[in-house]
Amino acid sequence: MSISKGAPSRAQASLLAWIADVGAVTAPALAALQATTGSSARARLAAAARTGLATGWRPLAGEPALYTLTRAGLRRCELPGAAAVRVSPANAAHLIACARVAAVLARRYPDHAVLGERGLRRLEQQAGGALASAVLGLGPGGEPLSHRPDLVLWPIDGKSLPVAVEVELTIKAPRRLAQICRAWARCRDVAGVLYLAAPPVELPLARAIAEADAADAVVALPLGALDSEEPAQSAVQPQAPVNPGEPSQDRRRVALGDRP
């Protein structure tokens, strides 16, 4: 494996930045993002791996390889202190799904940036507080226990709050899922929360949202509901006029273009 010492091309720098933002990506996700062929996307990712800036992982037979940044790749993205993402059979399916969702969101909402959980963690560490995370409670020392979403849809113009995106493939314990939904319902750092759920999760998730009384803050859709080639106008729309004297009403409804 060789480490590229020259300055990356604009296309390579863009690819590295996207991997850094999402955490782990696949060739199908890159192809969806750039509206290109799978072979072209695989070639670009393989080239990044050959230069030592990315690493390819394939822990699941029959599923696409995942690519993450190496330490050299993180340094190229000016993230020398960031930890490299580790891929395993336990988390690969979720990472693959998140990469696909990230690409679709980026295509559908060009006025927003898409950030993964690792990227959000870095921003919150720099800011010294929550930016798009829910607080589940307090730890033994009184510190807030944060729950970060899988992805964040961040408005580029900064004129609205971000949208938290959760990708649910497996069923969580009912109490835990309701706790997270309740925390999102209380969260005032996001415009709303979009859950994209695999079929086995749809009914338990609907129950958790109802139990937490979180329907005003949380929208649940099937995992493939956003797959579309058409960009949407906006990811969030005002649900009602905001009264500055009533912070509890400062919410936004997640709007999903051609959502059923």
# chains A, B, ... in the order shown; residues from 1 in each chain; ligands from 1

$ residues_around --residues "Val22 of chain A" --least-positions-apart "3" --cutoff "9 Å" --atoms "only C-alpha atoms" --output "JSON, numbers by chain"
{"A": [17, 18, 19, 25, 98, 99, 102, 114, 115, 116, 117, 118, 119, 151]}

$ closest_atom_pairs --of "segment 126-163 of chain A" --to "segment 171-183 of chain A" --cutoff "8 Å" --atoms "only C-alpha atoms" --output "Markdown table"
| residue | atom | partner | partner_atom | distance |
| --- | --- | --- | --- | --- |
| A:Ala134 | CA | A:Ala183 | CA | 5.5 |
| A:Val135 | CA | A:Ala183 | CA | 5.9 |
| A:Leu136 | CA | A:Ala183 | CA | 5.6 |
| A:His147 | CA | A:Ile180 | CA | 7.6 |

$ closest_residue --among "A:Ala83, A:Ala46, A:Ala41, A:Leu194" --to "Val163 of chain A" --atoms "only C-alpha atoms"
A:Leu194

$ select_by_dssp --residues "segment 39-144 of chain A" --states "alpha helix (DSSP H)" --output "PyMOL selection string"
chain A and resi 39-50+71-76+92-108+117-127

$ closest_residue --among "A:Asp111, A:Ala127, A:Pro200, A:Arg75" --to "Ile156 of chain A" --atoms "only C-alpha atoms"
A:Asp111

$ residues_around --residues "Val87 of chain A" --least-positions-apart "4" --cutoff "10 Å" --atoms "only C-alpha atoms" --output "list in words"
Ala24, Gly56, Trp57, Arg58, Pro59, Leu66, Tyr67, Thr68, Asn91, Ala92, Ala93 and Leu95 of chain A

$ write_last_selection --atoms "N, CA and C atoms" --output "short mmCIF file (atom, residue, chain, number, x, y, z; two decimals), in the first residue's frame"
data_model
loop_
_atom_site.label_atom_id
_atom_site.label_comp_id
_atom_site.auth_asym_id
_atom_site.auth_seq_id
_atom_site.Cartn_x
_atom_site.Cartn_y
_atom_site.Cartn_z
N ALA A 24 -18.38 5.96 6.96
CA ALA A 24 -18.12 4.78 6.14
C ALA A 24 -19.05 4.83 4.94
N GLY A 56 -10.64 -0.51 2.62
CA GLY A 56 -11.85 -1.24 2.25
C GLY A 56 -12.09 -2.41 3.19
N TRP A 57 -13.35 -2.61 3.58
CA TRP A 57 -13.76 -3.69 4.47
C TRP A 57 -14.91 -4.44 3.81
N ARG A 58 -14.91 -5.76 3.93
CA ARG A 58 -16.04 -6.53 3.40
C ARG A 58 -16.34 -7.69 4.35
N PRO A 59 -16.92 -7.40 5.50
CA PRO A 59 -17.19 -8.46 6.47
C PRO A 59 -18.44 -9.27 6.18
N LEU A 66 -17.29 -1.66 2.47
CA LEU A 66 -17.33 -0.37 3.13
C LEU A 66 -15.95 0.25 3.08
N TYR A 67 -15.89 1.55 2.88
CA TYR A 67 -14.61 2.26 2.85
C TYR A 67 -14.60 3.32 3.95
N THR A 68 -13.53 3.33 4.72
CA THR A 68 -13.33 4.32 5.76
C THR A 68 -11.98 4.99 5.55
N ASN A 91 -21.55 -4.35 12.89
CA ASN A 91 -22.06 -3.03 12.53
C ASN A 91 -22.10 -2.77 11.03
N ALA A 92 -21.65 -3.73 10.23
CA ALA A 92 -21.54 -3.49 8.79
C ALA A 92 -22.88 -3.20 8.12
N ALA A 93 -23.91 -3.97 8.44
CA ALA A 93 -25.20 -3.78 7.78
C ALA A 93 -25.75 -2.38 8.07
N LEU A 95 -23.94 0.32 8.87
CA LEU A 95 -23.11 1.30 8.18
C LEU A 95 -23.46 1.36 6.69
#

$ select_by_dssp --residues "segment 17-96 of chain A" --states "strand (DSSP E or B)" --output "ChimeraX atom specification"
/A:25-26,54-57,66-69
